[in-house]
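Input: a single structure, listed below in structure tokens.
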Amino acid sequence: MGVEPQVRKAFAYVTRRAPGGHELLVFASLDEPEGFEVPKGAVNPGETFAEGARRELFEETGLENLAVLAELGTTWYGNEEQRFFHFAAPSGVPARFAHTVTGRDGDAGEVYNLRFLPIDNHLAARLVQGSDAFVAVLRRRLAA
């Protein structure tokens with residue numbers, strides 16, 4: 001019996017300050033119609049987790065050259081190591097926008113309708129499983 005190879009995934013929490021408080025960039029889940037996801041994907045060989053998060057962020061949103069503000073934490077889902085990173089949205093990003101996914105993954109060519117959701121007590125429940133892992137850590141960080 002062989003050992004399954006480890007999968008490395010990076011998640012990007014992109015936030016902005018709005019009149020009502022902080023907001024998180026999300027898109028409607030392709031698998032769960034009532035849920036939202038954050039930009040994420042597999043880390044390529046030779047990439048660090050942070051580089052993978054930045055690349056996935058660009059491929060899935062078109063936002064580029066964003067600096068990592070913090071690594072929020074790591075979790076495991078089976079053999080999948082998942083690391084979460086916090087980024088700040090650049091000024092001028094609209095509250096809602098569409099982006100055609102680039103890259104070589106299965107979602108390339110899909111159109112993601114992105115939007116910002118309030119980072120409140122209900123946010124984690126609106127995110128699909130996995131995307132919600134470090135919302136509480138993000139909320140504490142933004143409140144500090």
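Quick note on naming: the chains in the structure tokens go A, B, ... in the order shown, residues restart at 1 in each chain, and ligands are numbered from 1 in order of appearance.
Excluding A:His86 itself and same-chain residues fewer than 2 positions from it, the residues having an atom within 7 Å of it are A:Ala12, A:Tyr13, A:Val14, A:Val68, A:Leu69, A:Ala70, A:Glu71, A:Leu72, A:Phe84, A:Ala88, counting only C-alpha atoms.
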Dump as a compact mmCIF listing (two decimals), in the first residue's frame, selection limited to N, CA and C atoms:
# COMPACT_ATOMS: atom_id res chain seq x y z
N ALA A 12 -6.41 32.69 -0.42
CA ALA A 12 -6.17 34.13 -0.33
C ALA A 12 -7.40 34.84 0.23
N TYR A 13 -7.23 35.44 1.40
CA TYR A 13 -8.26 36.30 1.98
C TYR A 13 -7.89 37.72 1.60
N VAL A 14 -8.66 38.32 0.70
CA VAL A 14 -8.42 39.69 0.26
C VAL A 14 -9.45 40.58 0.92
N VAL A 68 1.64 39.99 0.61
CA VAL A 68 1.07 39.23 1.71
C VAL A 68 1.19 40.07 2.98
N LEU A 69 0.07 40.32 3.64
CA LEU A 69 0.09 41.05 4.91
C LEU A 69 0.43 40.11 6.06
N ALA A 70 -0.08 38.86 5.95
CA ALA A 70 0.18 37.88 7.01
C ALA A 70 -0.19 36.49 6.53
N GLU A 71 0.51 35.51 7.08
CA GLU A 71 0.07 34.13 6.93
C GLU A 71 -0.79 33.85 8.16
N LEU A 72 -2.04 33.47 7.94
CA LEU A 72 -3.00 33.33 9.03
C LEU A 72 -2.96 31.97 9.70
N PHE A 84 -3.35 29.71 4.64
CA PHE A 84 -4.20 30.88 4.39
C PHE A 84 -3.39 32.16 4.55
N ALA A 88 -4.40 42.83 1.17
CA ALA A 88 -5.27 44.01 1.13
C ALA A 88 -5.62 44.29 -0.32
If we count only C-alpha atoms, what is near A:Glu56 at a cut-off of 8 Å, once residues fewer than 4 positions away on the same chain are taken out, given as a tab-separated table (two decimals) with C-alpha atoms, in the first residue's frame?
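And here is the file that came out, around-v1.tsv:
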chain	number	residue	atom	x	y	z
A	10	ALA	CA	-2.93	28.21	-0.82
A	39	PRO	CA	-9.41	32.50	-4.32
A	40	LYS	CA	-7.36	29.36	-3.82
A	41	GLY	CA	-5.55	26.59	-5.59
A	52	GLY	CA	1.09	30.12	-4.99
A	60	GLU	CA	-8.88	33.92	-10.35
Write out as JSON lines a residue-level contact list of stretch 4-35 of chain A versus stretch 125-144 of chain A with cut-off 8 Å: for each qualifying residue the closest pair of atoms and the distance in Å to one decimal, counting only C-alpha atoms, rows sorted by chain and residue number upward.
{"residue": "A:Phe11", "atom": "CA", "partner": "A:Ser131", "partner_atom": "CA", "distance": 7.5}
{"residue": "A:His22", "atom": "CA", "partner": "A:Leu142", "partner_atom": "CA", "distance": 7.7}
{"residue": "A:Ser29", "atom": "CA", "partner": "A:Val128", "partner_atom": "CA", "distance": 7.4}
{"residue": "A:Glu32", "atom": "CA", "partner": "A:Val128", "partner_atom": "CA", "distance": 7.2}
{"residue": "A:Glu34", "atom": "CA", "partner": "A:Arg126", "partner_atom": "CA", "distance": 7.6}
{"residue": "A:Gly35", "atom": "CA", "partner": "A:Leu127", "partner_atom": "CA", "distance": 5.3}
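Restricting the calculation to only C-alpha atoms, the smallest distance between A:Arg17 and any of A:Arg55, A:Arg115, A:Ser91, A:Gly106 is found for A:Ser91.
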*asked:* Can you pull out the residues contacting A:Gly20? Cut-off 12 Å, using only C-alpha atoms, and skip same-chain residues under 2 positions away; I want them as a list of chain:residue names.
replied: A:Arg16, A:Arg17, A:Ala18, A:His22, A:Glu23, A:Phe116, A:Leu117, A:Pro118, A:Ile119, A:Asp120
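Of the listed residues A:Gly46, A:Ala108, A:Thr74, A:Leu25, the one whose atoms come nearest to A:Pro94 is A:Leu25, with distances taken using only C-alpha atoms.
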*Check stretch 15-57 of chain A with DSSP on the backbone and list each residue it calls helix (DSSP H, G or I), as number ranges by chain.*
A: 49-57
